[in-house]
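Below: run-v2.cif (mmCIF, C-alpha atoms and all ligand atoms)
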```
data_query
loop_
_atom_site.label_atom_id
_atom_site.label_comp_id
_atom_site.auth_asym_id
_atom_site.auth_seq_id
_atom_site.Cartn_x
_atom_site.Cartn_y
_atom_site.Cartn_z
CA MET W 1 -38.10 113.24 -3.57
CA GLY W 2 -38.48 116.29 -5.77
CA GLY W 3 -39.22 116.62 -9.45
CA VAL W 4 -38.04 114.92 -12.60
CA THR W 5 -35.10 117.33 -12.98
CA GLU W 6 -33.67 116.18 -9.67
CA LEU W 7 -34.14 112.54 -10.59
CA GLN W 8 -32.40 113.17 -13.90
CA ALA W 9 -29.48 114.75 -12.05
CA MET W 10 -29.17 111.61 -9.94
CA PHE W 11 -29.38 109.47 -13.05
CA GLU W 12 -26.58 111.51 -14.58
CA ASP W 13 -24.31 110.98 -11.55
CA MET W 14 -25.07 107.26 -11.57
CA VAL W 15 -24.41 106.65 -15.26
CA THR W 16 -21.27 108.78 -15.08
CA ALA W 17 -19.93 106.67 -12.21
CA ARG W 18 -20.84 103.39 -13.90
CA TYR W 19 -19.18 104.32 -17.20
CA TYR W 20 -16.19 105.85 -15.44
CA GLU W 21 -15.48 102.57 -13.73
CA GLU W 22 -16.03 100.56 -16.92
CA ARG W 23 -13.37 102.68 -18.57
CA LEU W 24 -11.03 102.41 -15.58
CA GLN W 25 -11.40 98.64 -15.75
CA GLU W 26 -10.23 98.59 -19.36
CA GLU W 27 -7.29 100.84 -18.61
CA TYR W 28 -6.41 98.92 -15.47
CA LEU W 29 -6.18 95.56 -17.23
CA GLU W 30 -3.80 96.89 -19.85
CA GLY W 31 -0.44 95.16 -19.44
CA LYS W 32 -1.42 93.22 -16.30
CA GLN W 33 -2.07 89.89 -17.99
CA PRO W 34 -1.38 86.97 -18.23
CA ALA W 35 -0.02 86.51 -14.69
CA PHE W 36 -1.74 89.55 -13.19
CA ASP W 37 1.20 91.80 -12.50
CA ILE W 38 -0.39 94.33 -10.14
CA SER W 39 2.36 96.90 -10.68
CA ALA W 40 2.09 96.90 -14.50
CA GLY W 41 0.04 99.06 -16.82
CA PRO W 42 -1.19 102.66 -16.73
CA ILE W 43 -2.94 102.19 -13.34
CA PRO W 44 -0.53 100.36 -11.04
CA GLY W 45 -1.64 99.04 -7.65
CA GLU W 46 -5.05 97.99 -6.39
CA LEU W 47 -8.35 99.19 -7.81
CA HIS W 48 -11.65 98.84 -5.92
CA LEU W 49 -14.73 99.40 -8.05
CA ALA W 50 -18.28 100.08 -6.94
CA ALA W 51 -20.56 99.21 -9.88
CA GLY W 52 -23.97 98.53 -8.31
CA GLN W 53 -23.50 101.01 -5.45
CA GLU W 54 -24.22 104.23 -7.34
CA ALA W 55 -27.65 104.85 -5.78
CA ALA W 56 -26.11 105.25 -2.32
CA ALA W 57 -23.75 108.00 -3.48
CA ALA W 58 -26.16 109.82 -5.79
CA GLY W 59 -29.09 109.69 -3.35
CA VAL W 60 -27.03 111.12 -0.48
CA CYS W 61 -24.86 113.68 -2.30
CA ARG W 62 -27.89 115.15 -4.07
CA HIS W 63 -28.60 117.03 -0.83
CA LEU W 64 -25.10 118.37 -0.30
CA ARG W 65 -23.48 121.69 -1.14
CA ASP W 66 -19.91 122.51 -2.10
CA ASP W 67 -19.12 123.64 1.44
CA ASP W 68 -20.29 120.32 2.92
CA THR W 69 -17.66 117.67 3.60
CA VAL W 70 -17.71 114.06 2.44
CA THR W 71 -15.28 111.33 3.44
CA ALA W 72 -15.26 107.98 1.66
CA PRO W 73 -13.40 104.71 2.09
CA HIS W 74 -11.23 102.65 -0.29
CA ARG W 75 -14.03 102.44 -2.90
CA PRO W 76 -14.50 106.14 -3.59
CA HIS W 77 -15.24 106.92 -7.25
CA HIS W 78 -19.05 106.88 -7.23
CA VAL W 79 -19.09 109.07 -4.11
CA ALA W 80 -16.45 111.47 -5.48
CA ILE W 81 -18.38 111.88 -8.73
CA ALA W 82 -21.66 112.53 -6.93
CA LYS W 83 -19.95 115.10 -4.66
CA GLY W 84 -18.58 116.95 -7.68
CA VAL W 85 -14.86 116.16 -7.47
CA ASP W 86 -12.96 117.40 -10.52
CA LEU W 87 -13.11 114.43 -12.90
CA LYS W 88 -9.93 115.26 -14.80
CA ARG W 89 -7.73 115.78 -11.76
CA MET W 90 -9.20 112.72 -10.05
CA THR W 91 -8.40 110.64 -13.11
CA ALA W 92 -4.89 112.04 -13.31
CA GLU W 93 -4.45 111.01 -9.65
CA ILE W 94 -5.59 107.48 -10.39
CA PHE W 95 -3.12 107.31 -13.29
CA GLY W 96 -0.35 108.62 -11.00
CA ARG W 97 0.17 111.89 -12.88
CA GLU W 98 1.67 115.13 -11.59
CA THR W 99 -1.51 117.17 -12.14
CA GLY W 100 -3.58 114.68 -10.13
CA LEU W 101 -5.42 115.81 -7.01
CA CYS W 102 -2.46 114.75 -4.84
CA GLY W 103 0.32 115.18 -7.37
CA GLY W 104 -0.07 111.56 -8.45
CA LYS W 105 1.25 110.25 -5.13
CA GLY W 106 -1.98 109.10 -3.54
CA GLY W 107 -3.65 106.96 -6.16
CA HIS W 108 -7.25 105.87 -6.30
CA MET W 109 -7.73 105.32 -2.54
CA HIS W 110 -6.34 108.71 -1.55
CA LEU W 111 -8.23 111.36 -3.44
CA PHE W 112 -8.32 114.74 -1.73
CA ASP W 113 -10.19 117.66 -3.23
CA PRO W 114 -10.62 120.56 -0.80
CA ASP W 115 -12.56 122.56 -3.42
CA ALA W 116 -15.24 119.87 -3.54
CA GLY W 117 -14.99 119.06 0.19
CA PHE W 118 -13.96 115.47 -0.45
CA ALA W 119 -11.40 113.05 0.96
CA CYS W 120 -11.03 109.29 1.06
CA SER W 121 -8.71 106.74 2.61
CA GLY W 122 -7.64 103.11 2.22
CA ILE W 123 -7.93 102.60 5.98
CA ILE W 124 -11.45 101.43 6.71
CA ALA W 125 -13.59 103.69 8.95
CA GLU W 126 -10.78 106.24 8.77
CA GLY W 127 -13.10 108.84 7.26
CA CYS W 128 -15.34 108.92 10.33
CA PRO W 129 -13.18 110.97 12.72
CA PRO W 130 -12.37 113.64 10.09
CA ALA W 131 -16.07 113.92 9.25
CA VAL W 132 -16.79 114.49 12.94
CA GLY W 133 -13.98 117.07 12.92
CA ALA W 134 -15.61 118.86 9.99
CA GLY W 135 -18.95 118.79 11.82
CA LEU W 136 -17.32 120.14 14.97
CA ALA W 137 -15.66 122.94 12.99
CA ALA W 138 -18.96 123.90 11.34
CA SER W 139 -20.66 123.87 14.69
CA LYS W 140 -18.00 126.05 16.37
CA ARG W 141 -18.02 128.49 13.46
CA ASN W 142 -21.79 128.64 13.56
CA GLU W 143 -22.04 127.61 9.90
CA ASP W 144 -24.81 125.43 8.53
CA SER W 145 -22.57 123.07 6.55
CA VAL W 146 -22.72 119.34 7.30
CA ALA W 147 -20.38 116.37 7.00
CA VAL W 148 -21.09 112.89 5.67
CA ALA W 149 -18.90 109.84 6.27
CA PHE W 150 -19.35 106.84 3.95
CA LEU W 151 -18.12 103.43 5.09
CA GLY W 152 -18.66 99.77 4.27
CA GLU W 153 -20.60 97.39 6.53
CA GLY W 154 -17.28 95.63 7.21
CA ALA W 155 -16.15 98.71 9.15
CA ILE W 156 -19.04 99.07 11.58
CA SER W 157 -17.25 97.39 14.46
CA GLN W 158 -14.16 99.57 14.07
CA GLY W 159 -13.36 101.76 17.06
CA GLY W 160 -12.99 104.81 14.83
CA PHE W 161 -16.59 104.46 13.67
CA LEU W 162 -18.09 103.80 17.11
CA GLU W 163 -16.11 106.57 18.79
CA SER W 164 -17.15 108.95 16.03
CA LEU W 165 -20.82 108.09 16.52
CA ASN W 166 -20.39 108.74 20.21
CA LEU W 167 -18.69 112.12 19.89
CA ALA W 168 -21.11 113.26 17.21
CA ALA W 169 -24.05 112.29 19.44
CA VAL W 170 -22.68 113.81 22.64
CA ARG W 171 -21.85 117.10 20.90
CA GLU W 172 -24.97 117.00 18.66
CA LEU W 173 -22.78 117.51 15.60
CA PRO W 174 -24.06 117.92 12.02
CA VAL W 175 -22.77 114.59 10.76
CA VAL W 176 -24.45 111.79 8.81
CA PHE W 177 -22.84 108.35 8.71
CA VAL W 178 -23.70 106.29 5.64
CA ILE W 179 -23.04 102.55 5.61
CA GLU W 180 -22.94 100.89 2.19
CA ASP W 181 -23.84 97.29 3.00
CA ASN W 182 -22.87 94.83 0.27
CA ASP W 183 -22.83 91.87 2.73
CA TRP W 184 -19.12 91.23 2.24
CA ALA W 185 -15.86 92.58 3.67
CA ILE W 186 -13.38 91.19 1.15
CA SER W 187 -14.28 87.45 1.43
CA MET W 188 -15.83 87.72 4.91
CA PRO W 189 -19.63 87.48 4.99
CA LYS W 190 -21.36 90.00 7.23
CA GLU W 191 -22.98 87.44 9.54
CA ARG W 192 -19.58 86.12 10.61
CA VAL W 193 -18.42 89.45 12.00
CA SER W 194 -21.55 90.98 13.50
CA ASP W 195 -24.73 89.66 15.13
CA VAL W 196 -26.52 92.82 14.01
CA ALA W 197 -27.89 92.23 10.51
CA ASP W 198 -29.23 95.78 10.23
CA GLY W 199 -26.22 98.06 10.74
CA SER W 200 -28.42 101.12 11.22
CA ARG W 201 -29.32 99.65 14.64
CA ARG W 202 -25.87 100.69 15.83
CA ALA W 203 -27.54 104.12 16.13
CA GLU W 204 -29.66 102.92 19.08
CA GLY W 205 -26.60 102.71 21.33
CA PHE W 206 -25.93 106.39 20.71
CA ASP W 207 -29.52 107.58 20.88
CA MET W 208 -29.56 108.90 17.34
CA PRO W 209 -31.92 108.07 14.47
CA GLY W 210 -30.96 105.06 12.35
CA THR W 211 -32.58 104.16 9.02
CA ARG W 212 -32.00 101.35 6.55
CA VAL W 213 -32.90 101.42 2.84
CA ASP W 214 -32.78 98.07 1.09
CA SER W 215 -34.73 98.54 -2.11
CA ASP W 216 -32.00 99.42 -4.66
CA ASP W 217 -34.00 102.55 -5.12
CA ALA W 218 -32.09 105.81 -5.51
CA ILE W 219 -35.27 107.75 -4.73
CA ALA W 220 -35.73 105.95 -1.41
CA VAL W 221 -32.06 106.65 -0.56
CA SER W 222 -32.55 110.28 -1.47
CA ASP W 223 -35.67 110.57 0.72
CA ALA W 224 -33.91 109.04 3.72
CA ALA W 225 -30.78 111.14 3.14
CA LYS W 226 -32.82 114.31 2.79
CA GLU W 227 -34.23 113.81 6.25
CA ALA W 228 -30.89 112.95 7.85
CA ILE W 229 -29.00 115.79 6.15
CA GLY W 230 -31.82 118.24 6.86
CA ARG W 231 -31.69 117.24 10.51
CA ALA W 232 -27.95 117.85 10.58
CA ARG W 233 -28.25 121.18 8.77
CA ASP W 234 -30.95 122.32 11.18
CA ARG W 235 -28.58 121.52 14.05
CA ASN W 236 -30.67 118.67 15.40
CA GLY W 237 -27.78 116.24 15.61
CA PRO W 238 -26.28 113.27 13.77
CA SER W 239 -27.95 110.30 12.07
CA LEU W 240 -26.97 106.92 10.74
CA LEU W 241 -28.18 105.62 7.39
CA GLU W 242 -27.52 102.15 6.00
CA VAL W 243 -28.06 101.44 2.31
CA GLN W 244 -28.16 97.87 1.02
CA VAL W 245 -26.16 97.77 -2.19
CA HIS W 246 -25.61 94.97 -4.69
CA ARG W 247 -22.10 95.23 -5.94
CA ARG W 248 -21.54 93.69 -9.34
CA MET W 249 -17.79 93.51 -8.77
CA GLY W 250 -15.41 91.58 -6.56
CA HIS W 251 -13.50 93.24 -3.77
CA PHE W 252 -10.75 94.48 -6.08
CA MET W 253 -9.90 94.13 -9.73
CA GLY W 254 -8.53 90.64 -10.24
CA ASP W 255 -10.59 89.12 -7.40
CA PRO W 256 -11.79 85.71 -8.68
CA GLN W 257 -14.67 85.81 -6.13
CA THR W 258 -14.38 82.09 -5.43
CA TYR W 259 -15.86 82.77 -1.98
CA ARG W 260 -19.04 84.30 -3.40
CA PRO W 261 -21.99 82.04 -4.29
CA GLU W 262 -23.08 82.36 -7.89
CA ALA W 263 -26.65 83.14 -6.83
CA ASP W 264 -25.35 86.19 -4.96
CA GLN W 265 -23.49 87.40 -8.04
CA GLU W 266 -26.53 86.83 -10.24
CA ALA W 267 -28.81 88.65 -7.79
CA ALA W 268 -26.49 91.65 -7.93
CA ALA W 269 -26.56 91.66 -11.72
CA ASP W 270 -30.39 91.53 -11.67
CA ARG W 271 -30.90 94.31 -9.15
CA ASP W 272 -29.56 97.33 -10.97
CA SER W 273 -30.52 100.63 -9.38
CA ILE W 274 -29.62 102.51 -12.58
CA GLU W 275 -32.13 100.53 -14.63
CA ARG W 276 -34.65 100.95 -11.85
CA LEU W 277 -34.27 104.74 -11.88
CA ALA W 278 -34.40 104.81 -15.70
CA ALA W 279 -37.71 102.91 -15.57
CA GLU W 280 -39.09 105.37 -13.03
CA LEU W 281 -38.03 108.32 -15.18
CA ARG W 282 -39.77 106.77 -18.20
CA ARG W 283 -42.86 106.22 -16.07
CA ARG W 284 -42.78 109.94 -15.24
CA GLY W 285 -42.74 110.83 -18.92
CA VAL W 286 -39.05 111.21 -19.70
CA GLU W 287 -38.30 110.11 -23.26
CA ASP W 288 -35.75 107.39 -24.03
CA GLU W 289 -33.96 109.95 -26.17
CA THR W 290 -33.42 112.21 -23.16
CA LEU W 291 -32.00 109.35 -21.10
CA GLU W 292 -29.77 108.38 -23.99
CA SER W 293 -28.44 111.90 -24.36
CA ILE W 294 -27.67 112.05 -20.61
CA ARG W 295 -25.71 108.82 -21.03
CA GLU W 296 -23.88 110.11 -24.10
CA ASP W 297 -22.88 113.37 -22.40
CA ALA W 298 -21.63 111.44 -19.39
CA HIS W 299 -19.59 109.09 -21.59
CA GLU W 300 -18.08 112.03 -23.41
CA ARG W 301 -16.98 113.73 -20.18
CA VAL W 302 -15.48 110.51 -18.88
CA ASP W 303 -13.61 109.75 -22.12
CA GLU W 304 -12.31 113.30 -22.20
CA ALA W 305 -11.09 113.08 -18.58
CA ILE W 306 -9.30 109.80 -19.26
CA GLU W 307 -7.63 111.06 -22.43
CA TRP W 308 -6.56 114.24 -20.63
CA ALA W 309 -5.16 112.31 -17.69
CA LYS W 310 -3.14 109.97 -19.88
CA ASP W 311 -1.49 112.98 -21.54
CA GLN W 312 -0.34 114.44 -18.23
CA PRO W 313 3.29 114.23 -17.09
CA GLU W 314 4.40 111.74 -14.45
CA PRO W 315 5.86 113.21 -11.24
CA SER W 316 9.64 113.37 -11.19
CA PRO W 317 11.46 110.95 -8.86
CA GLU W 318 13.30 113.91 -7.23
CA ASP W 319 9.95 115.08 -5.83
CA ALA W 320 9.20 111.76 -4.12
CA TYR W 321 9.92 113.22 -0.68
CA GLU W 322 7.97 116.44 -1.21
CA ASP W 323 4.54 116.63 0.45
CA VAL W 324 5.22 113.82 2.93
CA PHE W 325 5.25 113.97 6.71
CA ALA W 326 8.18 111.62 7.36
CA ASN W 327 11.80 112.27 6.49
CA PRO W 328 13.48 110.15 3.86
CA PRO W 329 15.57 107.30 5.26
CA SER W 330 19.12 108.45 6.02
CA GLY W 331 21.47 108.34 3.09
CA VAL W 332 18.82 109.14 0.51
CA THR W 333 19.52 112.89 0.45
CA ASP W 334 22.48 115.03 1.52
CA GLU W 335 20.23 117.31 3.53
CA GLU W 336 20.05 117.20 7.31
CA PRO W 337 16.70 115.73 8.42
CA ALA W 338 14.41 118.44 9.74
CA TYR W 339 13.00 116.21 12.46
CA ASP W 340 14.50 113.15 14.13
CA LEU W 341 11.56 110.98 15.07
CA GLY W 342 13.68 108.54 17.11
CA THR W 343 15.37 111.15 19.34
CA ASP W 344 12.27 113.28 19.80
CA ALA W 345 10.08 110.28 20.64
CA ARG W 346 12.66 109.13 23.22
CA ALA W 347 12.92 112.60 24.75
CA GLY W 348 9.10 112.72 25.02
CA ALA W 349 9.00 109.36 26.78
CA GLU W 350 11.75 110.36 29.25
CA SER W 351 9.98 113.57 30.18
CA GLY W 352 6.70 111.72 30.69
CA GLY W 353 5.36 112.84 27.28
CA ASP W 354 1.69 113.23 26.72
CA ASP W 355 0.89 110.15 24.61
C1 LIG H 401 -8.16 99.40 9.56
C2 LIG H 401 -8.09 98.48 8.38
N1 LIG H 401 -8.13 97.14 8.58
C3 LIG H 401 -8.09 96.30 7.51
C4 LIG H 401 -7.99 96.79 6.24
C5 LIG H 401 -7.96 95.84 5.04
N2 LIG H 401 -9.24 95.95 4.33
C6 LIG H 401 -9.36 96.68 3.21
S1 LIG H 401 -10.92 96.68 2.63
C7 LIG H 401 -11.45 95.66 3.86
C8 LIG H 401 -12.88 95.19 3.93
C9 LIG H 401 -13.80 96.32 3.87
O1 LIG H 401 -15.12 95.85 3.81
P1 LIG H 401 -16.29 96.88 3.80
O2 LIG H 401 -16.02 97.93 4.82
O3 LIG H 401 -17.56 96.14 3.90
O4 LIG H 401 -16.15 97.60 2.39
P2 LIG H 401 -16.31 96.96 0.93
O5 LIG H 401 -14.94 96.56 0.50
O6 LIG H 401 -17.26 95.82 1.02
O7 LIG H 401 -16.82 98.08 0.11
C10 LIG H 401 -10.40 95.35 4.73
C11 LIG H 401 -10.53 94.48 5.92
C12 LIG H 401 -7.95 98.19 6.08
N3 LIG H 401 -7.88 98.75 4.87
N4 LIG H 401 -8.01 99.01 7.16
MG MG H 402 -18.77 95.47 2.39
#
```

Let's see the structure in the file written out as structure tokens.
Amino acid sequence: MGGVTELQAMFEDMVTARYYEERLQEEYLEGKQPAFDISAGPIPGELHLAAGQEAAAAGVCRHLRDDDTVTAPHRPHHVAIAKGVDLKRMTAEIFGRETGLCGGKGGHMHLFDPDAGFACSGIIAEGCPPAVGAGLAASKRNEDSVAVAFLGEGAISQGGFLESLNLAAVRELPVVFVIEDNDWAISMPKERVSDVADGSRRAEGFDMPGTRVDSDDAIAVSDAAKEAIGRARDRNGPSLLEVQVHRRMGHFMGDPQTYRPEADQEAAADRDSIERLAAELRRRGVEDETLESIREDAHERVDEAIEWAKDQPEPSPEDAYEDVFANPPSGVTDEEPAYDLGTDARAGAESGGDD
């Protein structure tokens, strides 16, 4: 990996993501206690946090440009921050505000920022086909942009992932698949759903390179990602990268983690890739003061984004059916539906439709 400046930039992304999620946690818990009312408070709904996974996002996204595409799963904040998604509009989206990335209608699992080339989804492995689509588009347009799909290890037996690997390999598309392996899919341990402990070995079945990084080391992630992304950018085909992460959080906010052995939780708390990178920066001569000022700047930007978001207006109920694909249920508006799914689907079936 390159010089100290690049390492500092990774450090900045990582501390920004960590503090961002600490602040979201505080906001999320407001009003939800004592019985954990998931719909209460300024951030209603589920919230999946990724503290402990920052090295995966920062190490990979360091090598990406604005015109590259990234898709992420239901745990997106660290990846979005590393890809350069607008912090204020992302926060407004999470708080369900009108000026959010999706008008406040998507929430934290559905952040879409075309300017930063970023999208995420609550459906696991869902980001893989669109990433392949972005790679196919770049390839057809003869551009040298690339696409990266992040997913959890719990998604590596999903058809969408395996089919995406296949198409990317057959068409030699500029796509990199990044598995963040935290050993758990909600409360399901990895070994109970796959006999392959090293998910990067899935690559063998598609004749593409597969690499695994398990050192909690952002620099090692960056080195591996540099090679995979460089290969994609040089039009030498797709790659698969698995990064072992040690998540310090449960599956979602409010998860009591009764399924998770204490030793596993303690190990995650001990293996902090942010502290590891800070130690490496100090070893390379960076002063504590410099690291502290990077942290302070990051905290300031995060606090500012959260304050801004909380001041934003909520969307009006009349706009609930704007920007959606399906018609409102009959009786909700006076307007004639533009498209009758029932009739059209029946007509398609009768004429031997193409589905
Ligand atoms: C297609 C699909 N099936 C099931 C779910 C429910 N679900 C949400 S997260 C999750 C586990 C994901 O585990 P992993 O991919 O390892 O990601 P992690 O939560 O560990 O980051 C499941 C099964 C879903 N969102 N989408
Ligand atoms: Mg997982």

Selection near range 113-121 of chain W, 7 Å with all atoms listed in the file, sequence-local residues under 2 positions removed, as a compact mmCIF listing (two decimals) with C-alpha atoms, in the frame of the given file:
```txt
# COMPACT_ATOMS: atom_id res chain seq x y z
CA ASP W 66 -19.91 122.51 -2.10
CA ASP W 67 -19.12 123.64 1.44
CA ASP W 68 -20.29 120.32 2.92
CA THR W 69 -17.66 117.67 3.60
CA VAL W 70 -17.71 114.06 2.44
CA THR W 71 -15.28 111.33 3.44
CA ALA W 72 -15.26 107.98 1.66
CA PRO W 73 -13.40 104.71 2.09
CA HIS W 74 -11.23 102.65 -0.29
CA PRO W 76 -14.50 106.14 -3.59
CA ALA W 80 -16.45 111.47 -5.48
CA LYS W 83 -19.95 115.10 -4.66
CA GLY W 84 -18.58 116.95 -7.68
CA VAL W 85 -14.86 116.16 -7.47
CA LEU W 101 -5.42 115.81 -7.01
CA MET W 109 -7.73 105.32 -2.54
CA HIS W 110 -6.34 108.71 -1.55
CA LEU W 111 -8.23 111.36 -3.44
CA ILE W 123 -7.93 102.60 5.98
CA GLU W 126 -10.78 106.24 8.77
CA GLY W 127 -13.10 108.84 7.26
```

Write out as a list in words each polymer residue (protein, DNA or RNA) that has an atom no more than 10 Å from ligand MG 402 (chain H), with only C-alpha atoms and all ligand atoms counted.
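Using only C-alpha atoms and all ligand atoms, everything at most 10 Å from ligand MG 402 (chain H) comes to Arg75, Leu151, Gly152, Glu153, Gly154, Ala155, Ile156, Ile179, Glu180, Asp181, Asn182, Asp183, Trp184, Ala185, Ile186, Ser187, Met188, Pro189, Lys190, Gln244, Val245, His246, Arg247 and His251 of chain W.
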
Could you name the residues that touch Arg282 in chain W at 12 Å or less, counting all atoms listed in the file, but leaving out those on the same chain fewer than 4 positions away, as a PyMOL selection string?
chain W and resi 4+7-8+11+275-278+286-292

Convert the current residue selection to file output with C-alpha atoms, as a PDB file, in the coordinates of the input.
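Result file is part.pdb:
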```
ATOM      1  CA  VAL W   4     -38.040 114.920 -12.600  1.00  0.00           C
ATOM      2  CA  LEU W   7     -34.140 112.540 -10.590  1.00  0.00           C
ATOM      3  CA  GLN W   8     -32.400 113.170 -13.900  1.00  0.00           C
ATOM      4  CA  PHE W  11     -29.380 109.470 -13.050  1.00  0.00           C
ATOM      5  CA  GLU W 275     -32.130 100.530 -14.630  1.00  0.00           C
ATOM      6  CA  ARG W 276     -34.650 100.950 -11.850  1.00  0.00           C
ATOM      7  CA  LEU W 277     -34.270 104.740 -11.880  1.00  0.00           C
ATOM      8  CA  ALA W 278     -34.400 104.810 -15.700  1.00  0.00           C
ATOM      9  CA  VAL W 286     -39.050 111.210 -19.700  1.00  0.00           C
ATOM     10  CA  GLU W 287     -38.300 110.110 -23.260  1.00  0.00           C
ATOM     11  CA  ASP W 288     -35.750 107.390 -24.030  1.00  0.00           C
ATOM     12  CA  GLU W 289     -33.960 109.950 -26.170  1.00  0.00           C
ATOM     13  CA  THR W 290     -33.420 112.210 -23.160  1.00  0.00           C
ATOM     14  CA  LEU W 291     -32.000 109.350 -21.100  1.00  0.00           C
ATOM     15  CA  GLU W 292     -29.770 108.380 -23.990  1.00  0.00           C
TER      16      GLU W 292
END
```

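Omitting Glu304 in chain W and its sequence neighbours fewer than 6 positions away, and counting only C-alpha atoms, the residues within 10 Å are Leu87, Lys88 and Ala298 of chain W.
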
Write the selection just made, keeping C-alpha atoms, as a PDB file, keeping the file's coordinate frame?
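out09.pdb written:
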```
ATOM      1  CA  LEU W  87     -13.110 114.430 -12.900  1.00  0.00           C
ATOM      2  CA  LYS W  88      -9.930 115.260 -14.800  1.00  0.00           C
ATOM      3  CA  ALA W 298     -21.630 111.440 -19.390  1.00  0.00           C
TER       4      ALA W 298
END
```

If I put a ball of radius 10 Å at (-2.7, 99.7, -18.4) in the file's coordinates, which residues poke into it when counting all atoms listed in the file, written as a ChimeraX atom specification?
/W:24-33,39-44,95

Residues within 10 Å of Asp323 in chain W, please, as a PyMOL selection string. Count only C-alpha atoms; anything in the same chain fewer than 6 positions from it doesn't count.
chain W and resi 102-103+105

Keeping only C-alpha atoms, write those residues as a tab-separated table (two decimals), in the frame of the given file.
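Output file selection.tsv is given in full below:
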```
chain	number	residue	atom	x	y	z
W	102	CYS	CA	-2.46	114.75	-4.84
W	103	GLY	CA	0.32	115.18	-7.37
W	105	LYS	CA	1.25	110.25	-5.13
```

Just how far from CA of Val178 in chain W is CA of Glu280 in chain W, in Å to one decimal?
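Calculated distance between CA of Glu280 in chain W and CA of Val178 in chain W is 24.2 Å.
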
Shortest contact to Leu173 in chain W, candidates W:Arg235, W:Ile219, W:Ile229, W:Asp144, atoms counted all atoms listed in the file, goes to W:Arg235

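Closest approach to Phe177 in chain W among W:Asp198, W:Asp319, W:Glu242, W:Glu227: W:Glu242, based on all atoms listed in the file.
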
Using all atoms listed in the file, pick whichever of W:Glu262, W:Glu191, W:Glu322, W:Glu204 has the shortest atom-to-atom distance to ligand LIG 401 (chain H).
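Among the listed residues, W:Glu191 lies closest to ligand LIG 401 (chain H).
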
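Take the candidates W:Gln53, W:Ser273, W:Ser194, W:Asn236 and check each one against Phe150 in chain W using all atoms listed in the file; the shortest distance goes to W:Gln53.
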